[in-house]
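As stored in upload38.txt (compact mmCIF, C-alpha atoms):
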# COMPACT_ATOMS: atom_id res chain seq x y z
CA MET A 1 -86.70 7.16 -46.95
CA SER A 2 -88.94 4.75 -48.80
CA ALA A 3 -91.54 6.22 -51.08
CA GLN A 4 -94.08 4.50 -48.89
CA ALA A 5 -93.83 4.13 -45.12
CA PRO A 6 -93.20 0.48 -44.14
CA PRO A 7 -96.10 -1.28 -42.42
CA SER A 8 -96.06 -0.95 -38.64
CA ALA A 9 -95.81 -4.72 -38.17
CA ALA A 10 -92.52 -4.64 -40.07
CA VAL A 11 -91.24 -1.78 -37.91
CA GLU A 12 -92.25 -3.67 -34.76
CA ALA A 13 -90.42 -6.77 -35.99
CA VAL A 14 -87.28 -4.74 -36.63
CA LEU A 15 -87.48 -3.26 -33.15
CA ALA A 16 -87.79 -6.75 -31.66
CA PHE A 17 -84.79 -7.86 -33.75
CA ALA A 18 -82.79 -4.84 -32.55
CA ASP A 19 -83.64 -5.64 -28.93
CA ASP A 20 -82.50 -9.25 -29.45
CA GLU A 21 -79.16 -8.13 -30.84
CA LEU A 22 -78.60 -5.47 -28.16
CA VAL A 23 -79.38 -7.75 -25.24
CA LEU A 24 -77.47 -10.71 -26.65
CA GLY A 25 -74.50 -8.44 -27.31
CA TRP A 26 -74.73 -7.25 -23.75
CA ARG A 27 -74.87 -10.77 -22.33
CA ASP A 28 -72.03 -11.98 -24.54
CA SER A 29 -69.91 -9.02 -23.47
CA GLU A 30 -70.13 -10.28 -19.89
CA TRP A 31 -67.45 -12.78 -20.95
CA THR A 32 -64.95 -10.02 -21.68
CA GLY A 33 -61.96 -10.61 -19.44
CA VAL A 34 -63.14 -14.02 -18.24
CA ALA A 35 -63.50 -16.09 -21.43
CA PRO A 36 -61.74 -19.50 -21.41
CA PHE A 37 -58.53 -18.15 -22.95
CA LEU A 38 -57.11 -14.91 -24.26
CA GLU A 39 -57.71 -15.49 -27.97
CA GLU A 40 -61.32 -16.45 -27.35
CA ASP A 41 -61.76 -13.47 -25.08
CA VAL A 42 -60.88 -11.17 -27.97
CA ALA A 43 -62.98 -13.11 -30.47
CA PHE A 44 -66.09 -13.36 -28.33
CA SER A 45 -65.89 -9.73 -27.27
CA SER A 46 -65.68 -8.82 -30.92
CA ILE A 47 -68.79 -10.86 -31.67
CA ALA A 48 -70.59 -9.09 -28.82
CA GLN A 49 -69.60 -5.75 -30.34
CA GLY A 50 -70.79 -7.00 -33.71
CA GLU A 51 -74.26 -7.77 -32.32
CA ILE A 52 -74.48 -4.35 -30.69
CA GLY A 53 -73.45 -2.74 -33.98
CA HIS A 54 -76.30 -4.59 -35.69
CA ALA A 55 -78.68 -3.40 -32.98
CA ARG A 56 -77.62 0.19 -33.58
CA ALA A 57 -78.20 -0.06 -37.34
CA LEU A 58 -81.63 -1.60 -36.76
CA TYR A 59 -82.59 1.04 -34.19
CA GLU A 60 -81.52 3.75 -36.64
CA LEU A 61 -83.81 2.23 -39.23
CA VAL A 62 -86.73 2.28 -36.78
CA ALA A 63 -85.88 5.82 -35.68
CA GLY A 64 -85.96 6.90 -39.33
CA VAL A 65 -89.61 5.89 -39.43
CA GLN A 66 -90.76 6.66 -35.90
CA GLY A 67 -88.55 9.64 -35.14
CA GLY A 68 -86.13 9.86 -32.23
CA ASP A 69 -82.71 8.23 -32.37
CA ALA A 70 -81.02 4.90 -31.85
CA ASP A 71 -79.77 5.70 -28.34
CA ALA A 72 -83.23 6.68 -27.17
CA LEU A 73 -84.67 3.43 -28.49
CA ALA A 74 -81.87 1.39 -26.98
CA PHE A 75 -81.74 2.97 -23.55
CA ASP A 76 -84.71 5.20 -22.79
CA ARG A 77 -87.51 2.66 -22.83
CA ALA A 78 -88.95 1.02 -19.74
CA PRO A 79 -88.04 -2.67 -19.30
CA GLU A 80 -91.54 -3.81 -20.25
CA GLU A 81 -91.28 -1.99 -23.58
CA TYR A 82 -88.42 -4.17 -24.80
CA ARG A 83 -89.48 -6.88 -27.22
CA CYS A 84 -86.47 -9.15 -27.02
CA THR A 85 -86.92 -12.88 -26.66
CA PRO A 86 -86.25 -14.37 -23.21
CA PHE A 87 -83.56 -16.48 -24.93
CA VAL A 88 -81.13 -13.56 -25.20
CA GLU A 89 -81.79 -12.42 -21.65
CA LEU A 90 -80.52 -15.59 -19.98
CA GLN A 91 -77.35 -14.88 -18.06
CA LEU A 92 -74.97 -17.66 -19.03
CA VAL A 93 -71.61 -16.14 -18.09
CA GLY A 94 -69.62 -18.77 -16.22
CA ASP A 95 -71.09 -21.61 -18.28
CA TRP A 96 -69.16 -21.74 -21.53
CA ALA A 97 -70.94 -24.85 -22.84
CA ALA A 98 -74.35 -23.21 -22.44
CA THR A 99 -72.99 -20.00 -23.96
CA ILE A 100 -71.81 -21.91 -27.03
CA ALA A 101 -75.15 -23.74 -27.18
CA ARG A 102 -77.00 -20.42 -27.23
CA HIS A 103 -74.52 -18.92 -29.67
CA GLY A 104 -75.03 -21.82 -32.11
CA LEU A 105 -78.81 -21.94 -31.75
CA TYR A 106 -79.18 -18.19 -32.01
CA GLU A 107 -76.98 -17.89 -35.08
CA ALA A 108 -78.95 -20.66 -36.80
CA ALA A 109 -82.27 -18.92 -36.07
CA ASP A 110 -80.79 -15.56 -36.96
CA GLU A 111 -79.64 -16.84 -40.33
CA ILE A 112 -83.23 -17.75 -41.21
CA ARG A 113 -84.47 -14.38 -40.00
CA VAL A 114 -81.81 -12.37 -41.84
CA LYS A 115 -82.23 -14.29 -45.10
CA ALA A 116 -85.98 -13.62 -44.99
CA LEU A 117 -85.40 -9.91 -44.32
CA MET A 118 -83.07 -9.69 -47.32
CA GLU A 119 -86.22 -10.26 -49.39
CA SER A 120 -88.16 -7.53 -47.59
CA ASP A 121 -90.25 -5.00 -49.55
CA TRP A 122 -88.72 -2.33 -47.34
CA PRO A 123 -85.58 -1.58 -49.37
CA GLU A 124 -83.53 -0.08 -46.51
CA LEU A 125 -84.23 -3.16 -44.41
CA ALA A 126 -83.37 -5.55 -47.22
CA GLY A 127 -80.10 -3.70 -47.76
CA LEU A 128 -79.21 -3.69 -44.08
CA ALA A 129 -80.04 -7.40 -43.77
CA ALA A 130 -77.67 -8.17 -46.65
CA LYS A 131 -74.92 -6.20 -44.92
CA MET A 132 -75.57 -7.95 -41.62
CA ASP A 133 -75.52 -11.34 -43.30
CA ARG A 134 -71.93 -10.77 -44.40
CA GLU A 135 -70.80 -10.21 -40.83
CA GLU A 136 -73.01 -12.97 -39.47
CA THR A 137 -71.16 -15.39 -41.72
CA TYR A 138 -68.18 -14.96 -39.42
CA HIS A 139 -70.35 -15.36 -36.30
CA ARG A 140 -71.79 -18.56 -37.75
CA MET A 141 -68.33 -19.88 -38.55
CA HIS A 142 -67.22 -19.13 -35.02
CA ALA A 143 -70.27 -20.89 -33.56
CA SER A 144 -69.89 -23.95 -35.74
CA MET A 145 -66.20 -24.42 -35.00
CA TRP A 146 -67.00 -24.40 -31.29
CA LEU A 147 -69.96 -26.75 -31.66
CA GLU A 148 -67.72 -29.11 -33.57
CA LYS A 149 -65.00 -28.83 -30.95
CA LEU A 150 -67.39 -29.53 -28.08
CA ALA A 151 -69.53 -32.12 -29.91
CA GLY A 152 -70.44 -34.96 -27.60
CA ASN A 153 -69.68 -32.91 -24.50
CA GLU A 154 -72.42 -33.70 -22.00
CA GLN A 155 -72.82 -30.14 -20.76
CA LEU A 156 -73.16 -28.86 -24.30
CA GLU A 157 -75.69 -31.50 -25.31
CA ALA A 158 -77.77 -30.82 -22.19
CA ALA A 159 -77.70 -27.08 -22.84
CA LEU A 160 -78.76 -27.57 -26.47
CA VAL A 161 -81.80 -29.55 -25.31
CA GLU A 162 -82.65 -27.07 -22.59
CA LEU A 163 -82.31 -24.01 -24.82
CA TRP A 164 -84.05 -25.40 -27.89
CA PRO A 165 -87.57 -24.12 -26.96
CA TYR A 166 -86.04 -20.69 -26.45
CA ALA A 167 -84.32 -20.77 -29.84
CA LEU A 168 -87.63 -21.50 -31.58
CA GLY A 169 -89.05 -18.37 -29.95
CA VAL A 170 -86.58 -16.16 -31.81
CA LEU A 171 -88.53 -16.75 -35.02
CA GLU A 172 -92.05 -16.16 -36.24
CA PRO A 173 -94.10 -19.38 -35.98
CA ALA A 174 -94.07 -19.81 -39.77
CA GLN A 175 -90.25 -19.87 -39.82
CA ARG A 176 -89.85 -22.43 -37.04
CA PRO A 177 -90.17 -25.63 -39.10
CA GLU A 178 -87.21 -24.43 -41.16
CA LEU A 179 -85.08 -24.08 -38.03
CA ALA A 180 -86.17 -27.50 -36.76
CA LYS A 181 -85.24 -29.03 -40.10
CA LEU A 182 -81.92 -27.19 -40.26
CA LEU A 183 -80.89 -28.43 -36.84
CA GLY A 184 -82.54 -31.86 -37.07
CA ARG A 185 -84.64 -31.30 -33.99
CA ASP A 186 -88.35 -31.78 -33.38
CA GLU A 187 -90.42 -28.66 -33.06
CA VAL A 188 -91.59 -28.20 -29.48
CA GLU A 189 -93.55 -25.50 -27.71
CA ALA A 190 -91.52 -22.30 -28.02
CA VAL A 191 -90.63 -19.85 -25.28
CA GLU A 192 -92.35 -16.84 -26.79
CA ARG A 193 -91.52 -13.17 -26.83
CA GLY A 194 -93.61 -10.87 -24.66
CA THR A 195 -92.44 -11.80 -21.21
CA HIS A 196 -89.12 -11.09 -19.62
CA THR A 197 -86.91 -13.29 -17.50
CA GLU A 198 -86.29 -12.49 -13.88
CA GLY A 199 -82.80 -11.23 -14.61
CA PHE A 200 -83.91 -8.68 -17.19
CA ALA A 201 -84.70 -5.89 -14.72
CA ALA A 202 -81.14 -5.97 -13.37
CA LEU A 203 -79.71 -6.13 -16.88
CA HIS A 204 -81.81 -3.14 -17.93
CA GLU A 205 -80.73 -1.24 -14.85
CA GLU A 206 -77.08 -1.83 -15.62
CA MET A 207 -77.42 -1.27 -19.36
CA THR A 208 -79.10 2.13 -19.01
CA MET A 209 -77.12 3.33 -15.97
CA VAL A 210 -74.61 5.55 -17.75
CA ARG A 211 -77.18 7.19 -19.97
CA ARG A 212 -79.50 7.85 -17.05
CA SER A 213 -76.65 9.39 -15.02
CA ILE A 214 -76.69 12.59 -17.15
CA PRO A 215 -80.03 12.82 -18.94
CA GLY A 216 -79.84 14.49 -22.33
CA ALA A 217 -76.04 14.46 -22.56
CA ALA A 218 -74.38 13.90 -25.92
CA TRP A 219 -71.99 10.94 -25.62
CA MET B 1 -50.82 -25.25 -30.29
CA ILE B 2 -48.97 -22.08 -31.30
CA TRP B 3 -49.51 -20.42 -34.66
CA GLU B 4 -47.49 -17.66 -36.26
CA VAL B 5 -49.38 -15.02 -38.19
CA PHE B 6 -47.94 -12.95 -41.02
CA ARG B 7 -49.80 -10.01 -42.41
CA GLN B 8 -49.73 -8.17 -45.68
CA GLU B 9 -50.61 -4.53 -45.28
CA ARG B 10 -51.20 -3.73 -48.94
CA GLU B 11 -51.41 -5.78 -52.07
CA GLY B 12 -47.99 -6.49 -53.52
CA GLN B 13 -46.16 -5.84 -50.28
CA PRO B 14 -44.22 -8.54 -48.46
CA PHE B 15 -45.88 -10.44 -45.64
CA GLN B 16 -44.43 -9.49 -42.28
CA HIS B 17 -44.63 -11.24 -38.97
CA GLY B 18 -47.59 -9.95 -36.99
CA GLY B 19 -47.35 -12.11 -33.90
CA SER B 20 -48.36 -15.47 -32.56
CA LEU B 21 -51.49 -16.94 -31.06
CA GLU B 22 -52.70 -20.12 -29.43
CA ALA B 23 -55.50 -22.15 -30.99
CA PRO B 24 -56.48 -25.84 -30.94
CA ASN B 25 -56.67 -26.25 -34.73
CA LEU B 26 -56.39 -24.41 -38.02
CA GLU B 27 -60.02 -23.37 -38.04
CA PHE B 28 -59.71 -21.64 -34.66
CA ALA B 29 -56.33 -20.22 -35.65
CA GLU B 30 -57.81 -18.63 -38.76
CA ALA B 31 -60.71 -17.15 -36.82
CA TYR B 32 -58.41 -15.71 -34.18
CA ALA B 33 -55.92 -14.43 -36.74
CA VAL B 34 -58.74 -12.47 -38.35
CA GLU B 35 -59.71 -11.06 -34.96
CA PHE B 36 -56.19 -10.06 -34.05
CA TYR B 37 -54.84 -8.84 -37.39
CA GLY B 38 -57.72 -8.26 -39.75
CA ARG B 39 -60.57 -6.67 -37.90
CA ARG B 40 -59.64 -3.07 -38.47
CA ALA B 41 -58.76 -3.39 -42.15
CA GLU B 42 -55.05 -3.29 -41.20
CA SER B 43 -54.26 -6.24 -43.48
CA VAL B 44 -55.33 -7.33 -46.93
CA ALA B 45 -54.19 -10.92 -46.44
CA LEU B 46 -52.84 -13.16 -43.70
CA TRP B 47 -50.65 -16.25 -43.54
CA VAL B 48 -51.33 -18.57 -40.64
CA VAL B 49 -48.58 -21.09 -40.02
CA PRO B 50 -48.13 -23.70 -37.30
CA ARG B 51 -45.01 -22.74 -35.41
CA ASP B 52 -43.73 -26.32 -35.74
CA ALA B 53 -43.70 -25.90 -39.51
CA ILE B 54 -41.13 -23.17 -39.21
CA ARG B 55 -37.49 -24.29 -39.17
CA LYS B 56 -35.44 -22.05 -37.02
CA ILE B 57 -31.75 -21.85 -37.93
CA GLU B 58 -29.39 -20.18 -35.51
CA GLU B 59 -25.80 -20.20 -34.35
CA PRO B 60 -23.39 -21.51 -35.42
CA TYR B 61 -24.87 -21.40 -38.92
CA VAL B 62 -26.03 -17.84 -39.06
CA ALA B 63 -23.37 -16.08 -37.03
CA ASP B 64 -19.61 -16.05 -37.41
CA VAL B 65 -17.72 -18.09 -34.92
CA PHE B 66 -14.32 -17.11 -36.28
CA ASP B 67 -13.42 -13.66 -37.32
CA ARG B 68 -14.21 -13.56 -41.02
CA ASP B 69 -14.78 -9.89 -41.48
CA TYR B 70 -13.16 -10.17 -44.92
CA ARG B 71 -16.52 -11.56 -46.00
CA ARG B 72 -18.17 -8.29 -45.28
CA VAL B 73 -18.23 -5.36 -47.63
CA ASP B 74 -18.00 -2.57 -45.06
CA GLY B 75 -16.05 0.38 -46.38
CA TYR B 76 -15.69 -1.18 -49.79
CA SER B 77 -16.91 1.15 -52.48
CA LEU B 78 -18.84 -1.09 -54.79
CA LYS B 79 -20.00 1.82 -56.87
CA VAL B 80 -16.54 2.55 -58.26
CA LYS B 81 -15.70 -1.12 -58.84
CA LEU B 82 -18.97 -1.65 -60.57
CA ARG B 83 -18.45 1.31 -62.88
CA GLU B 84 -14.99 0.05 -63.80
CA ALA B 85 -16.31 -3.44 -64.44
CA ARG B 86 -19.07 -2.10 -66.66
CA GLU B 87 -16.63 0.03 -68.62
CA ARG B 88 -14.46 -3.02 -69.22
CA ALA B 89 -17.40 -5.02 -70.35
CA GLY B 90 -18.65 -2.16 -72.49
CA THR B 91 -22.09 -2.17 -70.85
CA SER B 92 -21.97 1.21 -69.09

Show me, as structure tokens, the structure contained in the file I just sent.
Amino acid sequence: MSAQAPPSAAVEAVLAFADDELVLGWRDSEWTGVAPFLEEDVAFSSIAQGEIGHARALYELVAGVQGGDADALAFDRAPEEYRCTPFVELQLVGDWAATIARHGLYEAADEIRVKALMESDWPELAGLAAKMDREETYHRMHASMWLEKLAGNEQLEAALVELWPYALGVLEPAQRPELAKLLGRDEVEAVERGTHTEGFAALHEEMTMVRRSIPGAAW
Amino acid sequence: MIWEVFRQEREGQPFQHGGSLEAPNLEFAEAYAVEFYGRRAESVALWVVPRDAIRKIEEPYVADVFDRDYRRVDGYSLKVKLREARERAGTS
């Protein structure tokens, strides 16, 4: 534990980050078994697991401050209590180009977020962010090799344009110009956190189903 | 494009064939090799090689066509011969 409790705004931001990683991991895992080819199926499923692992570590950090545990934070909250960005909620399974567009945009935004958290005054968070950054390096490499491979593909380019306002919404407003500069895009009005997409209720239902089936069980 | 992956389990050990995978270029092949053979710390290093770069040599060059079992050393006690040779040479 830190000598001094971290400010609640920082805890809230970590919870939002955890929700992003959990829900994105969940959405990405919907490709398991149906990715474009076997090798990619393994790779993308592994990335999905990686995101969920990050979510768990972030939830544990929050639980260390607020009490409770990671599973309770991940699965026992009502849908409206989740703080994830609508970007990660979009169900893109079946559309590989859009999935790669989101993957690339998210990883770019996430890099800015993680690098900033590595400088956090909350030592446990700074340490965790540094650990996450090492694994995200692989995620970023995977995203960039696909973006390169599909460069010029019409579906990909259209998805990048469509998803750009969502990507901006991953970050705090002050961090957005950096993302725009990094990706060479103009800053537009972001799709902000705080509302959920239509599909989120069904996702939440599915995601929490097993845990709700036997309340209080140790898994 | 098919790639062959060799993995080294521990430093200093020989690389051994792990398996093959399909990937459009070296970058993808490296990423997938890591996923398949390096994700659980089962390897300390990997070689990723395009299958086309491997020259396969087979019969008749690697297997006897005629009976030449005199080339083999089955049942031939090298130990004794070696000891005798060393004694002769004064190196035993």

Taking only C-alpha atoms into account, find every residue of chain B that has an atom no more than 10 Å from chain A, and write it out as a PyMOL selection string. chain B and resi 21-25+27-29+31-36+39

At a cut-off of 6 Å from (-20.8, 0.7, -66.8) in the coordinates of the file, what residues are picked up using all atoms listed in the file, written as a PyMOL selection string? chain B and resi 83+86-87+91-92

Those residues you just picked out, can you put them in a file as an mmCIF file, in the frame of the given file with C-alpha atoms?
data_model
loop_
_atom_site.group_PDB
_atom_site.id
_atom_site.type_symbol
_atom_site.label_atom_id
_atom_site.label_comp_id
_atom_site.auth_asym_id
_atom_site.auth_seq_id
_atom_site.Cartn_x
_atom_site.Cartn_y
_atom_site.Cartn_z
ATOM 1 C CA ARG B 83 -18.450 1.310 -62.880
ATOM 2 C CA ARG B 86 -19.070 -2.100 -66.660
ATOM 3 C CA GLU B 87 -16.630 0.030 -68.620
ATOM 4 C CA THR B 91 -22.090 -2.170 -70.850
ATOM 5 C CA SER B 92 -21.970 1.210 -69.090
#

Could you check how far atom CA of Leu163 of chain A sits from atom CA of Phe87 of chain A, in Å to one decimal? 7.6 Å

Quick check, in Å to one decimal: how far apart do atom CA of Thr32 of chain A and atom CA of Val93 of chain A lie?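 Computing the Euclidean distance for atom CA of Thr32 of chain A and atom CA of Val93 of chain A yields 9.7 Å.
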
Give the padded box for segment 73-88 of chain B as AutoDock Vina command-line options: axis-aligned, covering all atoms listed in the file, 6 Å on each side, centre and edge lengths in Å to one decimal.
--center_x -17.2 --center_y -1.4 --center_z -57.1 --size_x 17.5 --size_y 19.9 --size_z 36.2

When you look at Arg185 of chain A with a cut-off of 10 Å (counting all atoms listed in the file), what residues show up, excluding the ones that are within fewer than 5 positions of it in the same chain? I need them as an mmCIF file with C-alpha atoms, in the frame of the given file.
data_model
loop_
_atom_site.group_PDB
_atom_site.id
_atom_site.type_symbol
_atom_site.label_atom_id
_atom_site.label_comp_id
_atom_site.auth_asym_id
_atom_site.auth_seq_id
_atom_site.Cartn_x
_atom_site.Cartn_y
_atom_site.Cartn_z
ATOM 1 C CA VAL A 161 -81.800 -29.550 -25.310
ATOM 2 C CA TRP A 164 -84.050 -25.400 -27.890
ATOM 3 C CA PRO A 177 -90.170 -25.630 -39.100
ATOM 4 C CA LEU A 179 -85.080 -24.080 -38.030
ATOM 5 C CA ALA A 180 -86.170 -27.500 -36.760
#

Pick from A:Leu203, A:Leu171, A:Met118, A:Leu73, whichever lies nearest to Met132 of chain A using only C-alpha atoms: A:Met118

Using atom CA of Tyr82 of chain A and atom CA of Arg212 of chain A as the two end points, give the distance in Å to one decimal. 16.9 Å

Spatial neighbours of Ser120 of chain A, max dist 12 Å, all atoms listed in the file, sep filter under 6 positions, as an NGL selection string: :A and (6-7 or 10-11 or 13-14 or 113-114 or 126-130)
